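Undergrad: Just upload_35.cif, nothing more (mmCIF, C-alpha atoms):
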```cif
data_model
loop_
_atom_site.group_PDB
_atom_site.id
_atom_site.type_symbol
_atom_site.label_atom_id
_atom_site.label_comp_id
_atom_site.auth_asym_id
_atom_site.auth_seq_id
_atom_site.Cartn_x
_atom_site.Cartn_y
_atom_site.Cartn_z
ATOM 1 C CA MET O 1 0.000 0.000 0.000
ATOM 2 C CA THR O 2 1.120 3.538 -0.636
ATOM 3 C CA ARG O 3 -0.155 6.894 0.489
ATOM 4 C CA ASP O 4 0.419 10.553 -0.280
ATOM 5 C CA PHE O 5 1.449 12.911 2.486
ATOM 6 C CA SER O 6 2.289 16.606 2.500
ATOM 7 C CA THR O 7 5.192 17.870 4.547
ATOM 8 C CA THR O 8 6.474 21.354 5.290
ATOM 9 C CA ARG O 9 10.112 20.502 4.750
ATOM 10 C CA PHE O 10 10.025 17.932 1.967
ATOM 11 C CA GLY O 11 6.868 18.811 0.047
ATOM 12 C CA ASP O 12 4.481 16.090 -1.134
ATOM 13 C CA LEU O 13 5.684 12.567 -0.415
ATOM 14 C CA HIS O 14 4.549 9.316 -1.940
ATOM 15 C CA ILE O 15 5.003 6.809 0.872
ATOM 16 C CA ASP O 16 5.222 3.043 0.743
ATOM 17 C CA ASP O 17 3.737 1.557 3.932
ATOM 18 C CA ASN O 18 6.711 -0.819 4.126
ATOM 19 C CA ASP O 19 9.020 2.154 4.713
ATOM 20 C CA ILE O 20 7.182 3.357 7.814
ATOM 21 C CA PHE O 21 8.696 3.095 11.296
ATOM 22 C CA ILE O 22 6.308 2.541 14.198
ATOM 23 C CA PHE O 23 6.969 4.265 17.522
ATOM 24 C CA ASN O 24 4.182 2.816 19.657
ATOM 25 C CA GLU O 25 4.640 5.336 22.460
ATOM 26 C CA GLY O 26 5.343 8.203 20.098
ATOM 27 C CA ILE O 27 8.485 10.222 20.789
ATOM 28 C CA PRO O 28 8.676 12.517 23.868
ATOM 29 C CA ALA O 29 7.052 15.859 22.928
ATOM 30 C CA PHE O 30 5.269 14.019 20.114
ATOM 31 C CA GLU O 31 3.471 11.327 22.050
ATOM 32 C CA GLY O 32 0.626 10.848 19.590
ATOM 33 C CA HIS O 33 2.967 10.452 16.621
ATOM 34 C CA LYS O 34 3.313 6.723 16.036
ATOM 35 C CA GLU O 35 4.256 6.627 12.364
ATOM 36 C CA TRP O 36 7.492 8.131 11.077
ATOM 37 C CA ILE O 37 9.539 7.881 7.929
ATOM 38 C CA LEU O 38 13.267 8.396 7.421
ATOM 39 C CA ILE O 39 14.258 10.867 4.726
ATOM 40 C CA GLY O 40 17.742 11.690 3.559
ATOM 41 C CA ASN O 41 20.433 11.152 0.974
ATOM 42 C CA ASP O 42 23.856 9.552 0.927
ATOM 43 C CA GLU O 43 25.815 12.806 0.807
ATOM 44 C CA ASN O 44 24.522 14.162 4.090
ATOM 45 C CA PRO O 45 24.867 12.093 7.285
ATOM 46 C CA ILE O 46 21.943 13.997 8.780
ATOM 47 C CA LYS O 47 18.661 12.256 8.046
ATOM 48 C CA TRP O 48 15.211 13.472 8.977
ATOM 49 C CA LEU O 49 12.642 11.452 10.833
ATOM 50 C CA GLN O 50 9.425 12.866 9.412
ATOM 51 C CA SER O 51 6.226 12.469 11.416
ATOM 52 C CA LEU O 52 3.307 11.079 9.419
ATOM 53 C CA HIS O 53 0.959 12.566 11.990
ATOM 54 C CA ASP O 54 1.933 16.173 11.330
ATOM 55 C CA GLY O 55 3.665 17.282 8.142
ATOM 56 C CA ALA O 56 5.374 20.133 9.978
ATOM 57 C CA ILE O 57 7.265 17.872 12.386
ATOM 58 C CA ALA O 58 10.599 16.353 11.344
ATOM 59 C CA LEU O 59 13.458 15.435 13.671
ATOM 60 C CA PRO O 60 17.030 15.674 12.372
ATOM 61 C CA VAL O 61 18.930 12.522 13.320
ATOM 62 C CA ILE O 62 22.432 11.154 12.838
ATOM 63 C CA PRO O 63 24.160 7.774 13.293
ATOM 64 C CA PRO O 64 26.428 7.988 16.365
ATOM 65 C CA ASP O 65 29.553 6.831 14.501
ATOM 66 C CA VAL O 66 29.541 10.000 12.391
ATOM 67 C CA ILE O 67 30.282 12.167 15.414
ATOM 68 C CA MET O 68 32.236 9.937 17.777
ATOM 69 C CA ASN O 69 34.117 6.686 18.120
ATOM 70 C CA GLY O 70 32.872 4.087 20.550
ATOM 71 C CA TYR O 71 29.427 5.471 21.338
ATOM 72 C CA ASN O 72 28.136 2.955 23.819
ATOM 73 C CA ALA O 73 24.674 3.541 25.239
ATOM 74 C CA ARG O 74 23.899 1.262 28.158
ATOM 75 C CA ILE O 75 20.251 0.256 27.962
ATOM 76 C CA SER O 76 18.523 -2.471 29.940
ATOM 77 C CA LYS O 77 17.688 -5.701 28.167
ATOM 78 C CA GLN O 78 14.037 -5.346 29.072
ATOM 79 C CA GLU O 79 13.784 -2.002 27.322
ATOM 80 C CA LEU O 80 15.448 -3.418 24.218
ATOM 81 C CA GLU O 81 13.109 -6.393 24.242
ATOM 82 C CA SER O 82 10.209 -3.948 24.322
ATOM 83 C CA ILE O 83 10.927 -3.190 20.663
ATOM 84 C CA GLY O 84 11.311 -6.858 19.783
ATOM 85 C CA MET O 85 15.090 -7.204 19.945
ATOM 86 C CA GLU O 86 16.438 -10.738 19.888
ATOM 87 C CA THR O 87 20.083 -9.935 19.194
ATOM 88 C CA PRO O 88 21.882 -6.557 19.289
ATOM 89 C CA ASP O 89 22.381 -6.891 15.516
ATOM 90 C CA ASP O 90 18.652 -6.217 15.132
ATOM 91 C CA LEU O 91 19.150 -2.640 16.288
ATOM 92 C CA VAL O 92 19.986 0.657 14.646
ATOM 93 C CA LEU O 93 20.707 3.697 16.813
ATOM 94 C CA LEU O 94 20.112 7.271 15.757
ATOM 95 C CA LEU O 95 20.762 10.426 17.755
ATOM 96 C CA VAL O 96 18.518 13.470 17.662
ATOM 97 C CA VAL O 97 20.389 16.600 16.648
ATOM 98 C CA SER O 98 19.272 20.172 17.023
ATOM 99 C CA ILE O 99 20.509 22.570 14.365
ATOM 100 C CA PRO O 100 19.907 26.228 15.196
ATOM 101 C CA SER O 101 20.449 28.825 12.487
ATOM 102 C CA SER O 102 24.177 28.666 13.122
ATOM 103 C CA PRO O 103 25.532 25.148 12.503
ATOM 104 C CA ARG O 104 28.283 25.884 15.027
ATOM 105 C CA ASP O 105 25.646 25.752 17.729
ATOM 106 C CA MET O 106 24.462 22.300 16.731
ATOM 107 C CA THR O 107 23.859 19.953 19.643
ATOM 108 C CA VAL O 108 23.254 16.228 19.817
ATOM 109 C CA ASN O 109 21.293 14.184 22.339
ATOM 110 C CA LEU O 110 23.703 11.437 23.402
ATOM 111 C CA ARG O 111 21.640 10.457 26.418
ATOM 112 C CA ALA O 112 18.457 9.278 24.720
ATOM 113 C CA PRO O 113 19.087 7.529 21.394
ATOM 114 C CA LEU O 114 16.301 6.497 19.079
ATOM 115 C CA VAL O 115 16.579 2.722 19.068
ATOM 116 C CA ILE O 116 15.061 1.062 16.025
ATOM 117 C CA HIS O 117 14.567 -2.606 15.151
ATOM 118 C CA ARG O 118 15.751 -2.660 11.570
ATOM 119 C CA LYS O 119 13.554 -5.546 10.375
ATOM 120 C CA LYS O 120 10.442 -5.063 12.483
ATOM 121 C CA ARG O 121 10.702 -1.303 11.947
ATOM 122 C CA ILE O 122 9.690 -0.626 15.526
ATOM 123 C CA GLY O 123 11.359 2.238 17.358
ATOM 124 C CA ARG O 124 11.519 3.890 20.735
ATOM 125 C CA GLN O 125 13.500 6.721 22.263
ATOM 126 C CA ILE O 126 15.223 5.186 25.260
ATOM 127 C CA ILE O 127 17.192 6.931 27.994
ATOM 128 C CA ALA O 128 20.609 5.341 28.353
ATOM 129 C CA GLU O 129 22.082 4.801 31.805
ATOM 130 C CA ASN O 130 25.241 6.721 30.833
ATOM 131 C CA GLU O 131 25.329 9.716 33.188
ATOM 132 C CA GLU O 132 28.284 11.054 31.175
ATOM 133 C CA TYR O 133 26.148 11.520 28.054
ATOM 134 C CA ALA O 134 24.499 14.930 27.768
ATOM 135 C CA VAL O 135 21.054 15.625 26.350
ATOM 136 C CA ARG O 136 22.466 18.722 24.717
ATOM 137 C CA GLN O 137 26.070 17.975 23.743
ATOM 138 C CA ARG O 138 27.688 20.693 21.661
ATOM 139 C CA LEU O 139 29.604 19.411 18.651
ATOM 140 C CA TRP O 140 31.558 22.507 17.722
ATOM 141 C CA SER O 141 34.408 23.428 20.042
ATOM 142 C CA GLU O 142 37.264 25.914 20.049
ATOM 143 C CA GLU O 143 39.527 23.069 19.002
ATOM 144 C CA VAL O 144 37.420 22.399 15.902
ATOM 145 C CA GLU O 145 37.332 26.099 15.133
ATOM 146 C CA LYS O 146 41.113 26.375 15.451
ATOM 147 C CA ASN O 147 41.808 23.391 13.230
ATOM 148 C CA LEU O 148 39.417 24.608 10.566
ATOM 149 C CA THR O 149 40.560 28.201 10.428
ATOM 150 C CA GLY O 150 44.181 27.119 10.590
ATOM 151 C CA ARG O 151 43.854 24.828 7.605
ATOM 152 C CA ARG O 152 41.006 25.957 5.436
ATOM 153 C CA LYS O 153 40.015 29.591 5.632
ATOM 154 C CA ASP O 154 37.243 29.207 3.080
ATOM 155 C CA ASP O 155 35.493 26.279 4.670
ATOM 156 C CA PRO O 156 31.915 26.496 3.429
ATOM 157 C CA ALA O 157 30.418 25.074 6.608
ATOM 158 C CA VAL O 158 31.910 27.932 8.576
ATOM 159 C CA HIS O 159 30.451 30.463 6.191
ATOM 160 C CA SER O 160 27.089 28.764 5.963
ATOM 161 C CA SER O 161 26.400 29.915 9.505
ATOM 162 C CA CYS O 162 26.007 33.404 8.071
ATOM 163 C CA GLU O 163 23.932 32.330 5.097
ATOM 164 C CA ASP O 164 21.447 30.502 7.245
ATOM 165 C CA ARG O 165 20.549 33.580 9.240
ATOM 166 C CA MET J 1 -3.574 11.353 40.682
ATOM 167 C CA LEU J 2 -3.575 9.264 43.805
ATOM 168 C CA VAL J 3 -2.387 11.347 46.757
ATOM 169 C CA LEU J 4 -1.104 9.728 49.962
ATOM 170 C CA SER J 5 0.434 11.236 53.098
ATOM 171 C CA ARG J 6 3.407 9.374 54.547
ATOM 172 C CA LYS J 7 5.735 9.888 57.494
ATOM 173 C CA ILE J 8 9.480 9.220 57.664
ATOM 174 C CA GLY J 9 10.112 5.487 57.607
ATOM 175 C CA GLU J 10 6.776 4.758 55.994
ATOM 176 C CA GLY J 11 6.394 3.691 52.405
ATOM 177 C CA ILE J 12 4.127 2.550 49.628
ATOM 178 C CA ARG J 13 4.065 -0.458 47.367
ATOM 179 C CA ILE J 14 3.312 -0.404 43.659
ATOM 180 C CA GLY J 15 2.401 -3.812 42.365
ATOM 181 C CA SER J 16 4.148 -6.768 43.951
ATOM 182 C CA ASP J 17 7.763 -5.776 43.422
ATOM 183 C CA VAL J 18 8.128 -2.005 43.719
ATOM 184 C CA GLU J 19 8.523 -0.353 47.112
ATOM 185 C CA ILE J 20 9.012 3.347 47.793
ATOM 186 C CA LYS J 21 10.151 4.555 51.214
ATOM 187 C CA ILE J 22 10.414 8.023 52.716
ATOM 188 C CA LEU J 23 13.884 8.054 54.287
ATOM 189 C CA GLU J 24 14.526 11.629 55.351
ATOM 190 C CA ILE J 25 12.979 15.087 55.220
ATOM 191 C CA LYS J 26 15.273 18.102 55.439
ATOM 192 C CA GLY J 27 13.775 21.508 54.677
ATOM 193 C CA ASP J 28 12.199 21.225 51.227
ATOM 194 C CA THR J 29 14.150 18.102 50.266
ATOM 195 C CA ILE J 30 12.780 14.618 50.687
ATOM 196 C CA LYS J 31 15.054 11.605 50.368
ATOM 197 C CA ILE J 32 13.263 8.667 48.809
ATOM 198 C CA GLY J 33 14.390 5.048 48.676
ATOM 199 C CA ILE J 34 13.142 2.827 45.877
ATOM 200 C CA VAL J 35 13.286 -0.935 45.799
ATOM 201 C CA ALA J 36 12.456 -2.233 42.322
ATOM 202 C CA PRO J 37 13.530 -4.943 39.882
ATOM 203 C CA LYS J 38 16.891 -4.146 38.307
ATOM 204 C CA ASP J 39 15.529 -3.976 34.782
ATOM 205 C CA LEU J 40 12.965 -1.290 35.626
ATOM 206 C CA SER J 41 14.024 2.228 34.625
ATOM 207 C CA ILE J 42 13.692 4.915 37.272
ATOM 208 C CA TRP J 43 14.446 8.472 36.249
ATOM 209 C CA ARG J 44 14.122 11.943 37.628
ATOM 210 C CA ASN J 45 11.304 13.926 36.021
ATOM 211 C CA GLU J 46 13.698 16.657 34.870
ATOM 212 C CA LEU J 47 15.553 14.250 32.584
ATOM 213 C CA PHE J 48 12.349 13.241 30.869
ATOM 214 C CA GLU J 49 11.314 16.875 30.535
ATOM 215 C CA GLU J 50 14.733 17.860 29.205
ATOM 216 C CA ILE J 51 14.567 15.214 26.484
ATOM 217 C CA SER J 52 11.059 16.215 25.527
ATOM 218 C CA ALA J 53 12.048 19.885 25.283
ATOM 219 C CA GLU J 54 15.098 18.975 23.218
ATOM 220 C CA ASN J 55 13.006 16.952 20.763
ATOM 221 C CA LEU J 56 10.609 19.860 20.378
ATOM 222 C CA ARG J 57 13.475 22.272 19.757
ATOM 223 C CA ALA J 58 15.112 19.897 17.267
ATOM 224 C CA ALA J 59 11.916 19.308 15.321
ATOM 225 C CA THR J 60 10.652 22.839 15.097
ATOM 226 C CA ARG J 61 13.762 25.029 14.980
ATOM 227 C CA SER J 62 16.340 23.084 12.998
ATOM 228 C CA VAL J 63 17.694 24.296 9.680
ATOM 229 C CA SER J 64 19.016 22.048 6.939
ATOM 230 C CA LEU J 65 22.731 21.556 7.118
ATOM 231 C CA THR J 66 25.056 21.879 4.173
ATOM 232 C CA PRO J 67 26.749 18.563 3.286
ATOM 233 C CA ASP J 68 30.164 20.148 3.841
ATOM 234 C CA TYR J 69 29.815 20.352 7.608
ATOM 235 C CA PRO J 70 33.232 19.261 8.964
ATOM 236 C CA TRP J 71 32.187 15.925 10.463
ATOM 237 C CA SER J 72 35.677 14.471 10.506
ATOM 238 C CA GLU J 73 36.957 17.424 12.515
ATOM 239 C CA ILE J 74 34.007 17.170 14.911
ATOM 240 C CA LYS J 75 34.533 13.441 15.412
ATOM 241 C CA LYS J 76 38.230 13.897 16.133
ATOM 242 C CA ASN J 77 37.407 16.285 18.948
ATOM 243 C CA GLN J 78 34.634 14.403 20.721
#
```
Starting from the coordinates I provided, produce the structure as structure tokens.
TA:
Amino acid sequence: MTRDFSTTRFGDLHIDDNDIFIFNEGIPAFEGHKEWILIGNDENPIKWLQSLHDGAIALPVIPPDVIMNGYNARISKQELESIGMETPDDLVLLLVVSIPSSPRDMTVNLRAPLVIHRKKRIGRQIIAENEEYAVRQRLWSEEVEKNLTGRRKDDPAVHSSCEDR
Amino acid sequence: MLVLSRKIGEGIRIGSDVEIKILEIKGDTIKIGIVAPKDLSIWRNELFEEISAENLRAATRSVSLTPDYPWSEIKKNQ
């Protein structure tokens, strides 16, 4: 089955039901939103989890390995079984990112990954036990800034912060 | 909401395996002890609220990012 759906960010979508992810409890702040679809392309590691309940709601998400090595969310087995996990290989983790008008101010939620069963297409945002993981972890630091300006003065990502305003 | 009054040392039970005890009251701070199965998540309200607020901010305020964002530099510094 397919359906048509209008979104604010991506225009009119033609959606195959097989591509839909089910979040039975919704996602915090969007509790009633059970159906979501992942939109993105290969060039940009940021994907968008588009709500099929409200065309204006889309969450930017990113695989943890794009931003750090060894991301290791500790989550209880019972919570993982709640989305039908049998082995850890069943799971895909995505982190919610927040991208204000300046990309330098981008933050990522390390504490509560979206955990998705890749075959059953069931997902849930689960709070990891890792106290060291922040809900609002800044990605850009002075160190990044220094390395970028030292090497590449015309880095487009640095300039795009002005264009986005 | 069910509202119960308890004194120090008293507690309540939720179901057969969750017990909540009032341990200490000091000014406006109450120390609570919770006995529950290990695989049951117990979190402070603020953490839940923080995550909810962050999702709302991410979904409603985010701009699209150019593909040339320096991910490799970011990753090196995390």
Undergrad: Please identify all residues of chain O having at least one atom at most 8 Å from any atom of chain J, considering all atoms listed in the file, and return them as a VMD selection string.
TA: chain O and resid 28 to 30 43 to 46 56 to 60 66 to 69 76 to 79 96 to 101 103 109 112 135 to 136 139 to 141 143 to 144 147 to 148 156 to 158 160 164
Undergrad: Hey, can you check how far CA of Ser82 (chain O) sits from CA of Arg124 (chain O)?
TA: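 Spanning CA of Ser82 (chain O) to CA of Arg124 (chain O) is a straight-line distance of 8.7 Å.
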Undergrad: Have a look at O:Gly84, O:Gly11, O:Gly123, O:Gly55 and name the one nearest to Gly26 (chain O); count all atoms listed in the file.
TA: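 Under the stated criterion, the closest residue is O:Gly123.
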Undergrad: Report, in Å to a single decimal, how far apart CA of Pro113 (chain O) and CA of Val61 (chain O) are.
TA: 9.5 Å
Undergrad: Just give me the gap between CA of Glu81 (chain O) and CA of Phe23 (chain O) in Å, one decimal is fine.
TA: 14.0 Å
Undergrad: For Tyr71 (chain O), which residue out of O:Gln125, O:Thr87, O:Ser102, O:Asn130 is the nearest one, using all atoms listed in the file?
TA: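 Ranking O:Gln125, O:Thr87, O:Ser102, O:Asn130 by distance to Tyr71 (chain O), first place goes to O:Asn130.
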